[in-house]
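Here's the structure, in structure tokens; my notes come after.
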Amino acid sequence: MTNEKILTLSYHLRYQGVNVSIRSTIMASKIWNNYKSEFNLKELKEALKSVYVKNKEDIIKYERSFDYVFIYNRNTKNNPADQEHIEVKEQAKPTHIDKSKPAEDTTRETIIRRRLVQKEVVDKSILDDEITYLNSIDYRVFEICNEFSKKIANQRTIRKKNKKSHTIDIPKTIRKNLKVGGHLIDLVHKKPPMKKSKHLFLCDISGSCEWATTWFFSLLTGCHETFDKITVDAFDHRIVDVTHALDVEYRNSFQVNVGLQSLGLRPRGHSDMTKAFKDFLKKSDLNRNTDVILLTDCRDWMGQRKDGILESATILRQIVIKSRNVIILNPEKKVRWNTPTSCVRDYEEAGAKVYQTSTLKEFAKVITEI
């Protein structure tokens, strides 16, 4: 039988955004029924904590909810375990009410508004944090990433509609037609019509880039339908087409990694970029409407130089010539570029455009604009 206090605790945790399932509530009820006469308040708190808390960010919320339900709230009928083991072991601290301060607004609209503001602050911090610091196990980070990818898709859709609308630029149209007395003969549109493009993504999954590829792939799953034609390849020492994996609904970053590995990807310590670029050049149909986007930290550990020229940069130059644009998304900070083990300068001299994408927001900015 489920205890009233356990139900109240589950309710408070859900209200604060903690993921509490029915199974967790049932397990907490079993702990209560079996050990309420043996555990004191501290032991009970630790036992229920092992059931409810699944992420370190939820610890504070759990402790606040537990103290409210089992210590501060004395309105409900107490179980014998409350009297013998809770009230005796620990007493609630008296609360001091400052009448000089105005009463807190607890209306439903105010609470919802406050929670939305808190969520926006959390989302902003995650989007601005370096990708290396993101907790890949925390499901909430993946949910924020998924919501952000939908916003990217909306922005891309709006941009495409604006370019196809042929909206007239009135000031420029008037200036252009002054020579004919101001008669609107030649119309000037705000933006030129958008031509269909083919985007080819080539993602490095070596040990130093696998974490960045996971989050980048997660962003693409939510906005890939806004591209006209898209192909996603992953490489370490060979290339594997993972485009069809974008249509799978993932719930966390772990499933993304498992899904990519199920396609035959086995990340190695270092990528053979020379071989990967050669294979990409052979299999891809490149033309003046093709944009090639590379996700790599530009560290060609296995690359060789001939007369001071990096072999992989020579092949990348051929890709640049056959394509419209070659964009490199580098998840490292710029301060680490062009170190002895970095080949950013080699790739820039080959004609590629390199962008820093060390955060989800920087990733999103590039995806939105291409």
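Following the order of the structure tokens, chains are lettered A, B, ..., residues in each are numbered from 1, and ligands are numbered from 1.
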Can you write out as JSON lines which residues of region 283-351 of chain A fall within 10 Å of region 222-238 of chain A, alongside each residue's closest atom pair and its distance in Å to one decimal, counting only C-alpha atoms and ordering rows by chain and ascending residue number?
```
{"residue": "A:Ser284", "atom": "CA", "partner": "A:Thr231", "partner_atom": "CA", "distance": 9.6}
{"residue": "A:Thr290", "atom": "CA", "partner": "A:Lys229", "partner_atom": "CA", "distance": 9.4}
{"residue": "A:Asp291", "atom": "CA", "partner": "A:Ile230", "partner_atom": "CA", "distance": 9.7}
{"residue": "A:Val292", "atom": "CA", "partner": "A:Thr231", "partner_atom": "CA", "distance": 9.7}
{"residue": "A:Ile293", "atom": "CA", "partner": "A:Val232", "partner_atom": "CA", "distance": 9.4}
{"residue": "A:Leu294", "atom": "CA", "partner": "A:Asp233", "partner_atom": "CA", "distance": 9.6}
{"residue": "A:Leu295", "atom": "CA", "partner": "A:Ala234", "partner_atom": "CA", "distance": 9.3}
```
Can you write out the residues you just picked, keeping N, CA and C atoms, as a PDB file, in the first residue's frame?
```
ATOM      1  N   SER A 284      31.761  10.651 -53.777  1.00  0.00           N
ATOM      2  CA  SER A 284      30.864  11.808 -53.785  1.00  0.00           C
ATOM      3  C   SER A 284      30.804  12.453 -55.163  1.00  0.00           C
ATOM      4  N   THR A 290      27.290  22.024 -54.511  1.00  0.00           N
ATOM      5  CA  THR A 290      27.551  21.134 -53.381  1.00  0.00           C
ATOM      6  C   THR A 290      28.351  21.855 -52.303  1.00  0.00           C
ATOM      7  N   ASP A 291      27.868  21.761 -51.074  1.00  0.00           N
ATOM      8  CA  ASP A 291      28.587  22.267 -49.910  1.00  0.00           C
ATOM      9  C   ASP A 291      29.079  21.081 -49.094  1.00  0.00           C
ATOM     10  N   VAL A 292      30.356  21.060 -48.811  1.00  0.00           N
ATOM     11  CA  VAL A 292      30.962  19.992 -48.015  1.00  0.00           C
ATOM     12  C   VAL A 292      31.269  20.552 -46.630  1.00  0.00           C
ATOM     13  N   ILE A 293      30.731  19.899 -45.605  1.00  0.00           N
ATOM     14  CA  ILE A 293      30.947  20.335 -44.223  1.00  0.00           C
ATOM     15  C   ILE A 293      31.697  19.235 -43.479  1.00  0.00           C
ATOM     16  N   LEU A 294      32.886  19.557 -43.016  1.00  0.00           N
ATOM     17  CA  LEU A 294      33.723  18.610 -42.276  1.00  0.00           C
ATOM     18  C   LEU A 294      33.673  18.937 -40.795  1.00  0.00           C
ATOM     19  N   LEU A 295      33.448  17.909 -39.980  1.00  0.00           N
ATOM     20  CA  LEU A 295      33.547  18.062 -38.532  1.00  0.00           C
ATOM     21  C   LEU A 295      34.807  17.342 -38.067  1.00  0.00           C
TER      22      LEU A 295
END
```
- Query: Hey, what's within 12 Å of Leu48 (chain A) if we count only C-alpha atoms and toss same-chain stuff fewer than 6 positions away? As a ChimeraX atom specification, please?
  - Reply: /A:5-6,9-10,24-32,35-36,39,41-42,54,59,62-63,65-66,70
- Task: Tell me, as a PyMOL selection string, which residues lie within 10 Å of Gly303 (chain A), counting only C-alpha atoms; anything in the same chain fewer than 2 positions away does not count.
- Result: chain A and resi 271-275+299-301+305+310-313+343
- Name all residues at most 10 Å from Asn146 (chain A) (count only C-alpha atoms; drop same-chain ones fewer than 2 positions away) and give them as a count of residues only. 20
- Item | 9 Å contact set for Asn257 (chain A), only C-alpha atoms, chain neighbours under 5 positions out, as a PyMOL selection string | chain A and resi 210+214+262
Restricting the output to C-alpha atoms, write the selected residues as a PDB file, in the first residue's frame.
```pdb
ATOM      1  CA  GLU A 210      33.699  11.313 -31.005  1.00  0.00           C
ATOM      2  CA  THR A 214      27.608  12.810 -30.981  1.00  0.00           C
ATOM      3  CA  SER A 262      25.633  -0.635 -35.001  1.00  0.00           C
TER       4      SER A 262
END
```
- For region 353-368 of chain A, please output as a ChimeraX atom specification all residues within 6 Å (counting only C-alpha atoms; exclusion window: fewer than 6 positions along the same chain). /A:127-131,152,156,327-332
- Message: What's the separation between CA of Ala245 (chain A) and CA of Ile158 (chain A), in Å to one decimal place?
- Response: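 That distance, rounded to one decimal, is 25.6 Å.
The spacing separating CA of Ile321 (chain A) from CA of Ile309 (chain A) amounts to 17.4 Å.
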- Message: Write out as number ranges by chain the set of residues from region 154-322 of chain A that DSSP, computed on the backbone, places in alpha helix (DSSP H).
- Response: A: 154-164, 170-176, 210-223, 253-261, 273-283, 311-322
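Nearest residue to Lys160 (chain A), choosing from A:Val20, A:Val335, A:Lys196, A:Leu7 and counting only C-alpha atoms: A:Lys196.
Take CA of Ser342 (chain A) and CA of Lys282 (chain A): the distance between them is 25.6 Å.
The smallest atom-to-atom distance between Asp241 (chain A) and any of A:Glu147, A:Leu263, A:Val180, A:Val256, using only C-alpha atoms, is found for A:Leu263.
Among the candidate residues A:Gln255, A:Thr296, A:Asn325, A:Asn154, the one lying nearest to Cys203 (chain A) is A:Thr296, with distances computed using only C-alpha atoms.
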